[in-house]
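Novice: Input file: my_file03.txt. Contents: compact mmCIF, C-alpha atoms and all ligand atoms.
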# COMPACT_ATOMS: atom_id res chain seq x y z
CA MET A 28 17.07 31.66 -17.21
CA PRO A 29 13.78 33.18 -16.00
CA ASP A 30 12.84 32.64 -12.39
CA SER A 31 10.12 30.01 -12.74
CA ARG A 32 9.41 29.61 -9.03
CA ARG A 33 8.25 31.97 -6.34
CA LYS A 34 8.17 30.94 -2.67
CA PRO A 35 5.87 33.04 -0.50
CA PRO A 36 6.34 32.83 3.26
CA VAL A 37 5.02 30.03 5.44
CA ARG A 38 1.36 30.39 6.44
CA ARG A 39 -0.95 28.73 8.96
CA PHE A 40 -3.97 26.63 8.06
CA SER A 41 -6.32 25.40 10.77
CA THR A 42 -8.78 22.55 10.82
CA GLU A 43 -10.82 21.50 13.83
CA GLN A 44 -8.25 18.77 14.51
CA GLY A 45 -5.17 20.91 14.50
CA GLU A 46 -3.06 23.47 12.74
CA TYR A 47 -0.89 22.99 9.69
CA LEU A 48 2.07 25.12 8.73
CA VAL A 49 2.01 25.18 4.95
CA GLN A 50 4.07 26.73 2.21
CA ASP A 51 2.82 27.50 -1.28
CA GLU A 52 5.17 27.46 -4.20
CA VAL A 53 3.92 29.25 -7.28
CA PHE A 54 5.38 27.99 -10.55
CA LEU A 55 5.41 30.48 -13.40
CA ARG A 56 5.55 29.94 -17.14
CA ASP A 57 8.32 31.64 -19.15
CA ASP A 58 5.92 34.47 -20.04
CA GLY A 59 5.38 35.13 -16.31
CA SER A 60 1.82 33.77 -16.15
CA LYS A 61 0.91 31.42 -13.34
CA ASP A 62 1.35 27.74 -14.15
CA LYS A 63 0.49 25.90 -10.96
CA THR A 64 0.63 26.15 -7.18
CA VAL A 65 2.14 23.39 -5.07
CA THR A 66 1.25 23.40 -1.40
CA THR A 67 3.48 21.51 0.99
CA ALA A 68 2.40 20.89 4.57
CA LEU A 69 5.49 21.36 6.74
CA THR A 70 4.18 20.55 10.22
CA PHE A 71 0.94 19.60 11.92
CA ARG A 72 0.07 20.54 15.51
CA ASP A 73 -2.55 18.23 17.00
CA PHE A 74 -5.00 20.14 19.21
CA LEU A 75 -5.78 17.05 21.32
CA SER A 76 -2.23 16.06 22.23
CA GLY A 77 -0.53 19.41 21.64
CA ARG A 78 2.14 17.52 19.69
CA THR A 79 3.69 18.99 16.59
CA VAL A 80 4.81 16.52 13.94
CA PRO A 81 6.82 17.17 10.80
CA LEU A 82 5.03 16.45 7.52
CA ARG A 83 6.20 16.04 3.99
CA LEU A 84 2.86 16.06 2.23
CA ARG A 85 2.42 17.68 -1.11
CA ARG A 86 -0.87 18.77 -2.50
CA ILE A 87 -0.99 19.89 -6.08
CA PRO A 88 -4.29 21.62 -6.83
CA GLU A 89 -3.53 22.36 -10.45
CA GLN A 90 -2.16 19.49 -12.46
CA ARG A 91 -0.92 19.35 -15.98
CA ALA A 92 -2.06 16.41 -18.10
CA THR A 93 1.51 15.19 -18.43
CA GLU A 94 1.84 14.64 -14.70
CA THR A 95 1.32 11.27 -13.04
CA VAL A 96 -2.18 12.08 -11.81
CA SER A 97 -4.64 13.49 -14.31
CA ALA A 98 -6.89 16.46 -13.59
CA GLU A 99 -9.87 14.11 -13.97
CA GLU A 100 -8.46 11.77 -11.30
CA ARG A 101 -7.95 14.74 -8.98
CA ARG A 102 -11.53 15.83 -9.60
CA LEU A 103 -12.80 12.36 -8.67
CA ASP A 104 -10.74 12.25 -5.45
CA SER A 105 -13.40 14.09 -3.46
CA VAL A 106 -16.15 11.95 -5.03
CA PHE A 107 -14.53 8.73 -3.76
CA MET A 108 -13.51 10.31 -0.46
CA LYS A 109 -17.21 10.98 0.13
CA GLU A 110 -17.84 7.22 -0.30
CA ALA A 111 -15.14 6.52 2.28
CA LEU A 112 -16.71 9.11 4.61
CA LEU A 113 -20.08 7.33 4.41
CA LEU A 114 -18.32 4.17 5.64
CA ALA A 115 -16.61 6.16 8.40
CA ARG A 116 -20.05 7.40 9.44
CA GLU A 117 -21.27 3.79 9.53
CA ALA A 118 -18.32 2.92 11.80
CA PHE A 119 -19.28 5.80 14.10
CA GLU A 120 -22.87 4.48 14.34
CA ASN A 121 -21.43 1.08 15.33
CA ASN A 122 -19.25 2.59 18.05
CA GLU A 123 -16.02 2.03 16.13
CA VAL A 124 -13.32 4.66 15.55
CA PRO A 125 -14.76 6.28 12.39
CA VAL A 126 -12.44 5.43 9.53
CA GLY A 127 -13.65 4.30 6.10
CA ALA A 128 -11.81 3.16 2.97
CA VAL A 129 -12.65 2.31 -0.64
CA VAL A 130 -10.61 0.74 -3.43
CA VAL A 131 -11.22 2.16 -6.91
CA LYS A 132 -10.19 0.77 -10.28
CA ASP A 133 -10.94 2.35 -13.67
CA GLY A 134 -13.22 4.90 -12.02
CA LYS A 135 -15.34 2.26 -10.28
CA VAL A 136 -15.51 1.27 -6.60
CA VAL A 137 -14.25 -2.31 -6.27
CA SER A 138 -14.59 -2.61 -2.49
CA GLY A 139 -15.33 -0.56 0.59
CA ALA A 140 -14.89 -1.19 4.30
CA ARG A 141 -15.03 0.49 7.64
CA ASN A 142 -13.11 -0.05 10.84
CA ARG A 143 -14.43 -3.22 12.59
CA VAL A 144 -11.83 -3.72 15.34
CA MET A 145 -14.35 -3.84 18.21
CA GLU A 146 -17.09 -5.73 16.40
CA LEU A 147 -15.03 -8.73 15.25
CA PRO A 148 -12.98 -8.28 17.60
CA ASP A 149 -9.77 -8.10 15.61
CA PRO A 150 -6.95 -5.60 16.17
CA THR A 151 -6.01 -5.85 12.48
CA ALA A 152 -9.53 -5.05 11.19
CA HIS A 153 -8.70 -1.52 10.07
CA ALA A 154 -10.78 -0.16 7.17
CA GLU A 155 -7.83 -0.17 4.73
CA VAL A 156 -6.83 -3.79 5.41
CA LEU A 157 -10.44 -4.99 5.03
CA ALA A 158 -10.94 -2.96 1.83
CA VAL A 159 -7.71 -4.35 0.31
CA ARG A 160 -8.70 -7.95 1.20
CA ASP A 161 -12.15 -7.51 -0.38
CA ALA A 162 -10.70 -5.89 -3.50
CA ALA A 163 -8.22 -8.76 -3.97
CA ARG A 164 -11.06 -11.26 -3.61
CA ALA A 165 -13.33 -9.34 -6.00
CA LEU A 166 -10.61 -8.94 -8.64
CA ARG A 167 -9.23 -12.45 -7.99
CA THR A 168 -5.68 -11.19 -7.75
CA MET A 169 -3.11 -10.56 -5.05
CA ARG A 170 -1.75 -7.54 -6.97
CA LEU A 171 -4.00 -4.49 -6.95
CA THR A 172 -2.14 -2.83 -9.82
CA GLY A 173 -4.08 0.10 -11.27
CA CYS A 174 -6.10 0.57 -8.07
CA THR A 175 -6.36 3.60 -5.80
CA LEU A 176 -7.03 3.27 -2.08
CA TYR A 177 -9.04 6.12 -0.55
CA THR A 178 -9.11 6.39 3.22
CA THR A 179 -10.46 9.06 5.53
CA LEU A 180 -7.41 8.88 7.84
CA GLU A 181 -3.73 8.58 6.97
CA PRO A 182 -2.86 4.84 7.04
CA CYS A 183 -1.03 3.48 10.10
CA TYR A 184 2.14 1.35 9.83
CA MET A 185 0.14 -1.87 9.48
CA CYS A 186 -2.11 -0.49 6.75
CA ALA A 187 0.73 1.27 4.93
CA GLY A 188 2.55 -2.09 4.96
CA ALA A 189 -0.55 -3.84 3.59
CA LEU A 190 -0.75 -1.21 0.83
CA VAL A 191 2.89 -1.83 -0.10
CA HIS A 192 2.19 -5.59 -0.33
CA SER A 193 -1.01 -5.02 -2.33
CA ARG A 194 0.82 -2.93 -4.96
CA VAL A 195 -1.94 -0.32 -5.22
CA ASP A 196 -1.02 2.55 -7.53
CA ARG A 197 -2.14 5.47 -5.45
CA ILE A 198 -3.01 6.28 -1.85
CA VAL A 199 -5.38 9.17 -1.19
CA PHE A 200 -6.14 10.05 2.40
CA GLY A 201 -8.14 12.71 4.23
CA ALA A 202 -6.90 13.76 7.66
CA ALA A 203 -3.26 13.43 8.68
CA ASP A 204 -2.70 11.18 11.70
CA PRO A 205 -0.15 12.65 14.10
CA ARG A 206 -0.18 9.44 16.21
CA THR A 207 0.42 6.54 13.83
CA GLY A 208 0.37 8.12 10.34
CA SER A 209 2.79 6.20 8.13
CA CYS A 210 2.61 8.15 4.87
CA GLY A 211 4.93 10.86 6.19
CA SER A 212 3.34 12.24 9.37
CA VAL A 213 5.08 10.05 11.96
CA PHE A 214 6.61 7.26 9.88
CA THR A 215 7.24 6.96 6.17
CA ILE A 216 6.45 3.41 5.14
CA ALA A 217 4.36 4.18 2.06
CA GLY A 218 6.68 6.31 -0.05
CA SER A 219 9.92 5.08 1.51
CA PRO A 220 12.69 4.35 -1.01
CA LEU A 221 13.56 1.33 1.17
CA VAL A 222 10.35 -0.61 0.43
CA ASN A 223 9.96 -2.66 -2.73
CA HIS A 224 6.99 -0.79 -4.19
CA ARG A 225 6.81 2.70 -5.67
CA PHE A 226 3.41 4.31 -5.49
CA ARG A 227 2.52 6.40 -8.50
CA ASP A 228 1.19 9.02 -6.10
CA ILE A 229 0.38 9.61 -2.43
CA THR A 230 -1.97 12.51 -1.77
CA GLY A 231 -3.03 13.67 1.69
CA GLY A 232 -5.49 16.33 2.81
CA VAL A 233 -8.44 15.50 0.52
CA MET A 234 -11.53 16.67 2.47
CA ALA A 235 -9.24 16.72 5.53
CA GLU A 236 -11.61 18.88 7.53
CA GLU A 237 -14.64 16.57 7.14
CA CYS A 238 -12.51 13.46 7.73
CA GLY A 239 -10.94 14.95 10.86
CA ARG A 240 -14.21 16.35 12.21
CA ILE A 241 -15.94 12.97 12.37
CA LEU A 242 -13.02 11.58 14.43
CA GLN A 243 -13.14 14.55 16.73
CA GLU A 244 -16.92 14.17 17.18
CA PHE A 245 -16.43 10.48 17.98
CA PHE A 246 -13.83 11.05 20.66
CA GLU A 247 -15.83 13.92 22.14
CA SER A 248 -18.96 11.75 22.37
CA ARG A 249 -16.90 9.02 24.03
CA ARG A 250 -15.55 11.43 26.63
CA LYS A 251 -19.13 12.56 27.36
CA ASP A 252 -20.18 8.92 27.84
CA GLY A 253 -17.26 8.49 30.20
CA SER A 254 -16.12 5.43 28.26
ZN ZN A 301 -4.40 1.01 10.00
If you took the structure in this file and wrote it as structure tokens, what would it be?
Specialist:
Amino acid sequence: MPDSRRKPPVRRFSTEQGEYLVQDEVFLRDDGSKDKTVTTALTFRDFLSGRTVPLRLRRIPEQRATETVSAEERRLDSVFMKEALLLAREAFENNEVPVGAVVVKDGKVVSGARNRVMELPDPTAHAEVLAVRDAARALRTMRLTGCTLYTTLEPCYMCAGALVHSRVDRIVFGAADPRTGSCGSVFTIAGSPLVNHRFRDITGGVMAEECGRILQEFFESRRKDGS
């Protein structure tokens, strides 16, 4: 049997938020030509806290049509993440922790929300929860089957729980959250075999740098204000 996998050594990958240790796996076809590269993030060291957290995030840049996520879906991931980033920016302008989320079905945005914890005030008013509520209202269903939730920051335990209950198909997030991330960074709620919903796919790291930078800018501006 030909060796169809090649594992190069671990390498470092830095964003402004922190440093990832990642490992690429190159899959080869039988004729030796390159088939696809799978990048797994092994750990993330947060520059703010200095904490290193284990990760089990897989990013698959090159997809075959037979896989669960089509190449077209992957291409659109950054398009919808940009929509979520606009909402994060709006949160920033309203003095909220800048996180934005959109729900997409059949290539169309069904709902979008930003963090509104301070404004309401409501400790559960995270962008993902608000986006899921609006999508359910818009689609007049409690099951968001066939929907993808895009969020600029890895969902926390509350939001990951809400996503399990909503039955969304896919979760796509930007920056990993080494404090409350519940898609693998700190906890694994979304993606756990113990919960009663299997996501078709969970992808992290889409536009991670941009999504992380806006959070960093926000906390830096807060420190300057002394608040
Ligand atoms: Zn949350």
Novice: Hey, can you check how far CA of Ser41 (chain A) sits from CA of Ala68 (chain A)?
Specialist: 11.6 Å
Novice: Do you know which residues lie at most 6 Å from (-4.5, -0.1, 6.5), with coordinates as in the file and all atoms listed in the file counted, and could you write them as a list of chain:residue names?
Specialist: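 Taken together, the residues in range are A:His153, A:Glu155, A:Val156, A:Pro182, A:Met185, A:Cys186, A:Ala187.
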Novice: Grab the CA of Glu123 (chain A) to CA of Glu181 (chain A) distance for me, in Å with one decimal place.
Specialist: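 According to the coordinates, CA of Glu123 (chain A) and CA of Glu181 (chain A) are separated by 16.7 Å.
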Novice: Please check which protein, DNA or RNA residues sit within 12 Å of ligand ZN 301 (chain A), counting only C-alpha atoms and all ligand atoms, and write them as a ChimeraX atom specification.
Specialist: /A:124-128,141-144,149-159,178-190,200,204,206-210
Novice: Where's the centre, and what are the edge lengths in Å to one decimal, of a box along x, y and z enclosing all listed atoms of region 185-193 of chain A padded 6 Å per side, as lines of an AutoDock Vina configuration file?
Specialist:
center_x = 0.4
center_y = -2.2
center_z = 3.6
size_x = 17.0
size_y = 18.9
size_z = 23.8
